[in-house]
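As provided, my_file_23.pdb (PDB, C-alpha atoms) reads as follows.
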```
ATOM      1  CA  MET J  19     177.499 135.693 130.586
ATOM      2  CA  ALA J  20     179.741 132.694 130.884
ATOM      3  CA  ALA J  21     183.038 133.497 132.505
ATOM      4  CA  GLY J  22     186.377 131.848 133.032
ATOM      5  CA  MET J  23     189.766 131.270 131.492
ATOM      6  CA  LEU J  24     190.178 128.953 128.511
ATOM      7  CA  ARG J  25     193.470 128.149 126.851
ATOM      8  CA  LEU J  26     193.102 126.806 123.310
ATOM      9  CA  LYS J  27     195.916 125.466 121.168
ATOM     10  CA  VAL J  28     195.860 124.378 117.557
ATOM     11  CA  VAL J  29     198.472 121.674 117.179
ATOM     12  CA  ARG J  30     200.179 120.177 114.109
ATOM     13  CA  CYS J  31     200.777 116.461 114.515
ATOM     14  CA  LYS J  32     204.270 116.475 113.004
ATOM     15  CA  ASN J  33     205.789 119.961 113.366
ATOM     16  CA  VAL J  34     205.090 122.981 115.547
ATOM     17  CA  PHE J  35     205.556 126.178 113.563
ATOM     18  CA  SER J  36     204.310 129.294 115.312
ATOM     19  CA  ASN J  37     202.358 130.555 118.301
ATOM     20  CA  PHE J  38     199.803 133.373 118.407
ATOM     21  CA  LYS J  39     197.922 134.356 121.554
ATOM     22  CA  ILE J  40     194.679 136.286 121.648
ATOM     23  CA  ILE J  41     192.649 137.219 124.712
ATOM     24  CA  PHE J  42     188.867 137.639 124.484
ATOM     25  CA  GLY J  43     186.758 138.350 127.482
ATOM     26  CA  SER J  44     188.363 135.908 129.825
ATOM     27  CA  ILE J  45     189.418 133.337 127.239
ATOM     28  CA  LEU J  46     192.990 132.901 125.944
ATOM     29  CA  LEU J  47     193.272 131.386 122.463
ATOM     30  CA  SER J  48     196.556 130.037 121.033
ATOM     31  CA  LEU J  49     197.287 128.795 117.541
ATOM     32  CA  ILE J  50     200.232 126.548 116.829
ATOM     33  CA  PHE J  51     199.144 125.049 113.462
ATOM     34  CA  SER J  52     197.234 122.206 111.856
ATOM     35  CA  GLU J  53     197.433 118.603 110.875
ATOM     36  CA  THR J  54     196.728 117.276 107.409
ATOM     37  CA  SER J  55     194.123 114.627 106.751
ATOM     38  CA  GLY J  56     194.303 113.531 103.122
ATOM     39  CA  ALA J  57     192.711 115.924 100.619
ATOM     40  CA  ALA J  58     191.688 118.515 103.193
ATOM     41  CA  ASP J  59     193.363 119.936 106.282
ATOM     42  CA  SER J  60     192.008 119.968 109.778
ATOM     43  CA  VAL J  61     192.827 122.067 112.807
ATOM     44  CA  LYS J  62     193.017 120.338 116.159
ATOM     45  CA  ILE J  63     192.285 122.745 118.980
ATOM     46  CA  SER J  64     193.105 121.765 122.557
ATOM     47  CA  TRP J  65     192.957 123.663 125.842
ATOM     48  CA  ALA J  66     193.159 123.490 129.609
ATOM     49  CA  ALA J  67     189.597 123.058 130.883
ATOM     50  CA  ASN J  68     188.037 125.843 132.967
ATOM     51  CA  ASN J  69     186.782 124.787 136.394
ATOM     52  CA  SER J  70     184.330 127.692 136.815
ATOM     53  CA  SER J  71     180.847 126.495 137.744
ATOM     54  CA  GLN J  72     179.341 129.149 135.425
ATOM     55  CA  VAL J  73     180.918 127.803 132.237
ATOM     56  CA  ALA J  74     178.817 125.102 130.564
ATOM     57  CA  GLY J  75     180.972 124.881 127.448
ATOM     58  CA  TYR J  76     182.662 126.661 124.589
ATOM     59  CA  LYS J  77     181.868 127.457 120.960
ATOM     60  CA  ILE J  78     184.647 127.557 118.373
ATOM     61  CA  PHE J  79     183.776 129.592 115.257
ATOM     62  CA  GLN J  80     185.276 129.371 111.759
ATOM     63  CA  GLY J  81     184.895 131.397 108.566
ATOM     64  CA  THR J  82     186.770 132.460 105.444
ATOM     65  CA  SER J  83     186.416 136.187 106.037
ATOM     66  CA  SER J  84     186.963 138.262 109.139
ATOM     67  CA  ARG J  85     184.070 138.147 111.654
ATOM     68  CA  ASN J  86     181.880 136.247 109.163
ATOM     69  CA  TYR J  87     181.646 132.761 110.653
ATOM     70  CA  THR J  88     179.937 130.006 108.683
ATOM     71  CA  LYS J  89     180.666 127.083 110.992
ATOM     72  CA  SER J  90     180.726 126.585 114.738
ATOM     73  CA  VAL J  91     181.326 123.666 117.050
ATOM     74  CA  LYS J  92     179.986 123.415 120.608
ATOM     75  CA  VAL J  93     182.362 121.811 123.051
ATOM     76  CA  SER J  94     181.404 120.686 126.533
ATOM     77  CA  LYS J  95     183.048 122.063 129.656
ATOM     78  CA  THR J  96     184.811 118.728 130.258
ATOM     79  CA  SER J  97     186.270 118.456 126.755
ATOM     80  CA  THR J  98     189.832 119.585 126.205
ATOM     81  CA  ASN J  99     189.993 119.459 122.384
ATOM     82  CA  THR J 100     188.051 119.586 119.140
ATOM     83  CA  THR J 101     188.974 119.351 115.482
ATOM     84  CA  MET J 102     187.734 121.709 112.787
ATOM     85  CA  THR J 103     187.734 119.625 109.595
ATOM     86  CA  GLY J 104     187.339 120.186 105.876
ATOM     87  CA  LEU J 105     189.828 123.050 105.558
ATOM     88  CA  THR J 106     191.261 123.654 102.089
ATOM     89  CA  THR J 107     194.986 124.142 101.550
ATOM     90  CA  GLY J 108     195.721 127.744 100.575
ATOM     91  CA  THR J 109     192.401 129.132 101.884
ATOM     92  CA  THR J 110     192.631 131.598 104.767
ATOM     93  CA  TYR J 111     190.442 130.799 107.772
ATOM     94  CA  TYR J 112     189.440 132.972 110.721
ATOM     95  CA  PHE J 113     188.769 131.414 114.126
ATOM     96  CA  ALA J 114     187.250 132.827 117.295
ATOM     97  CA  ALA J 115     185.639 131.376 120.395
ATOM     98  CA  THR J 116     183.080 132.161 123.074
ATOM     99  CA  SER J 117     182.203 130.565 126.366
ATOM    100  CA  TYR J 118     178.568 129.909 127.262
ATOM    101  CA  ASP J 119     176.593 129.161 130.439
ATOM    102  CA  SER J 120     173.786 126.672 131.145
ATOM    103  CA  LYS J 121     171.143 129.165 129.930
ATOM    104  CA  GLY J 122     172.921 129.589 126.579
ATOM    105  CA  ASN J 123     174.260 133.073 127.304
ATOM    106  CA  GLN J 124     177.489 133.606 125.379
ATOM    107  CA  SER J 125     180.516 135.738 126.104
ATOM    108  CA  ALA J 126     181.725 138.219 123.504
ATOM    109  CA  TYR J 127     183.714 136.819 120.565
ATOM    110  CA  SER J 128     187.426 136.546 120.962
ATOM    111  CA  ASP J 129     189.856 138.383 118.775
ATOM    112  CA  GLU J 130     190.540 136.275 115.722
ATOM    113  CA  ILE J 131     193.267 133.864 114.884
ATOM    114  CA  VAL J 132     194.023 133.773 111.160
ATOM    115  CA  PHE J 133     195.327 130.542 109.676
ATOM    116  CA  THR J 134     196.081 129.324 106.141
ATOM    117  CA  PRO J 135     196.639 125.561 105.778
ATOM    118  CA  GLY J 136     199.803 124.921 103.826
ATOM    119  CA  ALA J 137     201.351 128.270 104.729
ATOM    120  CA  ALA J 138     205.120 128.139 105.030
ATOM    121  CA  ALA J 139     206.903 128.740 108.292
ATOM    122  CA  LEU J 140     210.455 130.042 108.365
ATOM    123  CA  SER J 141     212.466 128.881 111.348
ATOM    124  CA  SER J 142     215.951 128.157 112.685
ATOM    125  CA  ALA J 143     217.433 131.353 111.208
ATOM    126  CA  VAL J 144     221.219 131.575 111.311
ATOM    127  CA  ARG J 145     223.435 134.460 110.182
ATOM    128  CA  SER J 146     227.145 133.917 109.610
ATOM    129  CA  ALA J 147     229.656 135.999 107.633
ATOM    130  CA  ASN J 148     227.942 136.968 104.355
ATOM    131  CA  GLN J 149     225.199 134.367 104.592
ATOM    132  CA  PHE J 150     221.753 134.054 106.104
ATOM    133  CA  SER J 151     219.975 130.683 106.263
ATOM    134  CA  PHE J 152     216.667 129.350 107.542
ATOM    135  CA  THR J 153     214.484 126.268 107.330
ATOM    136  CA  VAL J 154     211.285 126.362 105.270
ATOM    137  CA  GLN J 155     208.607 124.107 106.739
ATOM    138  CA  GLY J 156     205.133 123.486 105.429
ATOM    139  CA  LEU J 157     203.104 120.553 104.198
ATOM    140  CA  SER J 158     205.493 117.646 103.758
ATOM    141  CA  GLY J 159     206.171 116.884 100.111
ATOM    142  CA  LYS J 160     204.672 120.151  98.810
ATOM    143  CA  LYS J 161     206.709 122.735  96.893
ATOM    144  CA  TYR J 162     207.346 126.188  98.376
ATOM    145  CA  VAL J 163     208.793 129.311  96.765
ATOM    146  CA  VAL J 164     211.252 131.533  98.666
ATOM    147  CA  MET J 165     211.372 135.207  97.666
ATOM    148  CA  ALA J 166     213.613 138.102  98.725
ATOM    149  CA  SER J 167     213.189 141.875  98.778
ATOM    150  CA  THR J 168     215.184 144.868  99.927
ATOM    151  CA  ASP J 169     212.185 147.233 100.124
ATOM    152  CA  LEU J 170     209.089 145.000 100.740
ATOM    153  CA  ARG J 171     207.664 146.183  97.382
ATOM    154  CA  SER J 172     209.687 144.341  94.751
ATOM    155  CA  TRP J 173     210.197 140.622  95.294
ATOM    156  CA  THR J 174     212.554 138.210  93.517
ATOM    157  CA  ILE J 175     212.162 134.438  93.445
ATOM    158  CA  CYS J 176     215.244 132.845  94.997
ATOM    159  CA  LYS J 177     214.400 129.158  95.207
ATOM    160  CA  THR J 178     211.602 126.607  94.788
ATOM    161  CA  ASN J 179     211.938 123.339  96.667
ATOM    162  CA  THR J 180     209.998 120.583  98.434
ATOM    163  CA  SER J 181     209.239 121.072 102.137
ATOM    164  CA  PRO J 182     211.021 120.869 104.463
ATOM    165  CA  PHE J 183     214.257 122.375 103.153
ATOM    166  CA  GLN J 184     217.110 124.661 104.149
ATOM    167  CA  PHE J 185     217.501 127.973 102.276
ATOM    168  CA  THR J 186     220.754 129.948 102.302
ATOM    169  CA  ALA J 187     221.086 133.500 100.989
ATOM    170  CA  THR J 188     224.657 134.294 100.032
ATOM    171  CA  ASN J 189     226.317 137.706  99.642
ATOM    172  CA  THR J 190     223.991 139.329 102.193
ATOM    173  CA  ALA J 191     226.673 141.939 102.939
ATOM    174  CA  ALA J 192     225.793 143.548  99.583
ATOM    175  CA  TYR J 193     222.423 144.685 100.998
ATOM    176  CA  LYS J 194     221.690 147.138 103.798
ATOM    177  CA  GLN J 195     218.548 145.127 104.587
ATOM    178  CA  GLN J 196     216.903 142.095 103.055
ATOM    179  CA  PHE J 197     213.512 140.455 103.679
ATOM    180  CA  PHE J 198     212.403 136.903 102.926
ATOM    181  CA  LYS J 199     209.052 135.167 102.535
ATOM    182  CA  ALA J 200     207.881 131.761 101.370
ATOM    183  CA  TYR J 201     204.580 130.543  99.969
ATOM    184  CA  LEU J 202     203.006 127.319  98.745
ATOM    185  CA  ALA J 203     203.639 126.865  95.001
ATOM    186  CA  ASN J 204     200.621 126.112  92.795
TER     187      ASN J 204
END
```
Taking this structure as input, can you express it in the form of structure tokens?
Amino acid sequence: MAAGMLRLKVVRCKNVFSNFKIIFGSILLSLIFSETSGAADSVKISWAANNSSQVAGYKIFQGTSSRNYTKSVKVSKTSTNTTMTGLTTGTTYYFAATSYDSKGNQSAYSDEIVFTPGAAALSSAVRSANQFSFTVQGLSGKKYVVMASTDLRSWTICKTNTSPFQFTATNTAAYKQQFFKAYLAN
């Protein structure tokens, strides 16, 4: 089995939205987001190379359902990035990786990173008096819908706007708890 530590990062060219870390075998995988490339999205994955003499390279796997990978890319030991192309906005993708040695032996699959191109990210949250505000970031120029709920079952549309934008909920003192989410409008 190929061994070693690999740090992968998926990076958005314009904005960094979130960070997930998953350890598999001896490989650490991080997702920060994607870049857009015209009609389809792509995910640029970069990492700190492993200096272990046993590792010949890495395989990055992609699919549209959990643990069902339909595409893989082999990356040499000396490479520090690769781009998974042809992703469709709004489609959920699952990524995992393995390391391999010179005989082709592969490590176990990593845990998965789940990513949906065009998904909204809520950031820069600020609470003051009876208000709560945050920034909605996503694909530049695309419309996103912000929804609110007090019980995570019933959701109300609060605002639709073009990304990026600032959302402010007023009169938050009227609710014991309130939840927010945003999604890409059709």
*Care to translate the PyMOL selection byres ((chain J and resi 105-110) around 10) into actual residues of this file, as a ChimeraX atom specification?*
/J:52,54-55,57-61,80-84,102-104,111-112,132-137,157,201-204
*Could you tell me which residues the PyMOL selection byres ((chain J and resi 199) around 8) grabs in this file, written as number ranges by chain?*
J: 140, 164-166, 197-198, 200-201
*Point out the residue among J:Asn69, J:Ser90, J:Thr100, J:Thr186 with the least atom-to-atom distance to Ala115 of chain J, counting all atoms listed in the file.*
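Using all atoms listed in the file, Ala115 of chain J sits closest to J:Ser90.
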*Atomic distance atom CA of Thr190 of chain J - atom CA of Gly159 of chain J, expressed in Å with one decimal*: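 Here the two named atoms are 28.7 Å from each other.
From atom CA of Phe185 of chain J back to atom CA of Val154 of chain J, the distance works out to 7.1 Å.
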_Close residues, Lys177 of chain J itself excluded, 7 Å, all atoms listed in the file, min 2 positions apart in chain, as a list in words_ =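 My reading of the contact set: Val163, Val164, Ile175 and Asn179 of chain J.
Minimum atom-to-atom distance to Gly156 of chain J, evaluated using all atoms listed in the file, belongs to J:Phe183 out of J:Cys176, J:Phe183, J:Leu170, J:Thr96.
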Contacts of Gln149 of chain J within 6 Å, all atoms listed in the file, excl. fewer than 2 positions in-chain, as an mmCIF file with C-alpha atoms, in the frame of the given file:
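Below you can see result14.cif, which holds the result:
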```cif
data_model
loop_
_atom_site.group_PDB
_atom_site.id
_atom_site.type_symbol
_atom_site.label_atom_id
_atom_site.label_comp_id
_atom_site.auth_asym_id
_atom_site.auth_seq_id
_atom_site.Cartn_x
_atom_site.Cartn_y
_atom_site.Cartn_z
ATOM 1 C CA ARG J 145 223.435 134.460 110.182
ATOM 2 C CA SER J 146 227.145 133.917 109.610
ATOM 3 C CA ALA J 147 229.656 135.999 107.633
ATOM 4 C CA ALA J 187 221.086 133.500 100.989
ATOM 5 C CA THR J 188 224.657 134.294 100.032
ATOM 6 C CA THR J 190 223.991 139.329 102.193
#
```
*Check what the PyMOL selection byres ((chain J and resi 94) around 8) selects in the file above and give those residues as a list in words.*
Ala74, Gly75, Tyr76, Lys92, Val93, Lys95, Thr96 and Ser97 of chain J
*Find the distance between atom CA of Ala191 of chain J and atom CA of Ser151 of chain J and write it in Å to one decimal.*
13.5 Å
*Residue nearest Asp129 of chain J among J:Asp169, J:Thr174, J:Lys89, J:Phe79 (counting all atoms listed in the file)*: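 Closest to Asp129 of chain J, using all atoms listed in the file: J:Phe79.
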How would segment 85-96 of chain J look with all heavy atoms restored, written as a compact mmCIF listing (two decimals), in the frame of the given file?
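Once everything was written out, this is out-v9.txt:
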```txt
# COMPACT_ATOMS: atom_id res chain seq x y z
N ARG J 85 185.32 137.97 110.90
CA ARG J 85 184.07 138.15 111.65
C ARG J 85 182.83 137.69 110.89
O ARG J 85 181.71 138.08 111.21
CB ARG J 85 183.91 139.59 112.12
CG ARG J 85 184.97 140.03 113.10
CD ARG J 85 184.79 139.33 114.41
NE ARG J 85 185.83 139.72 115.36
CZ ARG J 85 186.18 139.02 116.39
NH1 ARG J 85 185.59 137.87 116.63
NH2 ARG J 85 187.11 139.42 117.19
N ASN J 86 183.00 136.82 109.90
CA ASN J 86 181.88 136.25 109.16
C ASN J 86 182.01 134.73 109.28
O ASN J 86 182.60 134.08 108.42
CB ASN J 86 181.91 136.70 107.70
CG ASN J 86 180.70 136.20 106.93
OD1 ASN J 86 179.70 135.80 107.51
ND2 ASN J 86 180.80 136.20 105.62
N TYR J 87 181.46 134.17 110.35
CA TYR J 87 181.65 132.76 110.65
C TYR J 87 180.53 131.93 110.05
O TYR J 87 179.36 132.25 110.19
CB TYR J 87 181.72 132.55 112.16
CG TYR J 87 182.77 133.43 112.79
CD1 TYR J 87 182.45 134.43 113.68
CD2 TYR J 87 184.11 133.29 112.43
CE1 TYR J 87 183.42 135.25 114.24
CE2 TYR J 87 185.09 134.10 112.96
CZ TYR J 87 184.74 135.07 113.87
OH TYR J 87 185.70 135.89 114.40
N THR J 88 180.90 130.87 109.36
CA THR J 88 179.94 130.01 108.68
C THR J 88 179.82 128.64 109.34
O THR J 88 178.98 127.84 108.97
CB THR J 88 180.33 129.82 107.21
OG1 THR J 88 181.67 129.32 107.15
CG2 THR J 88 180.26 131.15 106.46
N LYS J 89 180.68 128.38 110.31
CA LYS J 89 180.67 127.08 110.99
C LYS J 89 181.01 127.30 112.45
O LYS J 89 181.84 128.14 112.79
CB LYS J 89 181.71 126.16 110.35
CG LYS J 89 181.77 124.77 110.94
CD LYS J 89 182.80 123.91 110.20
CE LYS J 89 182.89 122.53 110.81
NZ LYS J 89 183.89 121.70 110.10
N SER J 90 180.36 126.55 113.32
CA SER J 90 180.73 126.58 114.74
C SER J 90 180.59 125.18 115.32
O SER J 90 179.84 124.36 114.81
CB SER J 90 179.85 127.57 115.53
OG SER J 90 178.52 127.11 115.58
N VAL J 91 181.35 124.95 116.35
CA VAL J 91 181.33 123.67 117.05
C VAL J 91 181.16 123.96 118.53
O VAL J 91 181.90 124.76 119.10
CB VAL J 91 182.64 122.88 116.81
CG1 VAL J 91 182.67 121.61 117.63
CG2 VAL J 91 182.81 122.57 115.34
N LYS J 92 180.16 123.31 119.16
CA LYS J 92 179.99 123.42 120.61
C LYS J 92 180.82 122.34 121.27
O LYS J 92 180.85 121.19 120.82
CB LYS J 92 178.52 123.22 121.00
CG LYS J 92 177.70 124.46 121.02
CD LYS J 92 176.35 124.17 121.66
CE LYS J 92 175.62 125.47 121.90
NZ LYS J 92 174.32 125.24 122.56
N VAL J 93 181.50 122.74 122.32
CA VAL J 93 182.36 121.81 123.05
C VAL J 93 181.98 121.87 124.52
O VAL J 93 181.83 122.95 125.09
CB VAL J 93 183.85 122.21 122.86
CG1 VAL J 93 184.75 121.22 123.54
CG2 VAL J 93 184.18 122.29 121.38
N SER J 94 181.82 120.72 125.13
CA SER J 94 181.40 120.69 126.53
C SER J 94 182.50 121.20 127.45
O SER J 94 183.67 121.26 127.08
CB SER J 94 181.03 119.26 126.95
OG SER J 94 182.19 118.48 127.11
N LYS J 95 182.11 121.54 128.66
CA LYS J 95 183.05 122.06 129.66
C LYS J 95 184.14 121.05 129.98
O LYS J 95 185.28 121.42 130.28
CB LYS J 95 182.29 122.44 130.92
CG LYS J 95 183.18 122.93 132.03
CD LYS J 95 182.40 123.25 133.27
CE LYS J 95 183.35 123.68 134.37
NZ LYS J 95 182.65 124.13 135.54
N THR J 96 183.83 119.76 129.90
CA THR J 96 184.81 118.73 130.26
C THR J 96 185.73 118.35 129.11
O THR J 96 186.73 117.67 129.32
CB THR J 96 184.10 117.47 130.78
OG1 THR J 96 183.22 116.98 129.76
CG2 THR J 96 183.32 117.77 132.05
```
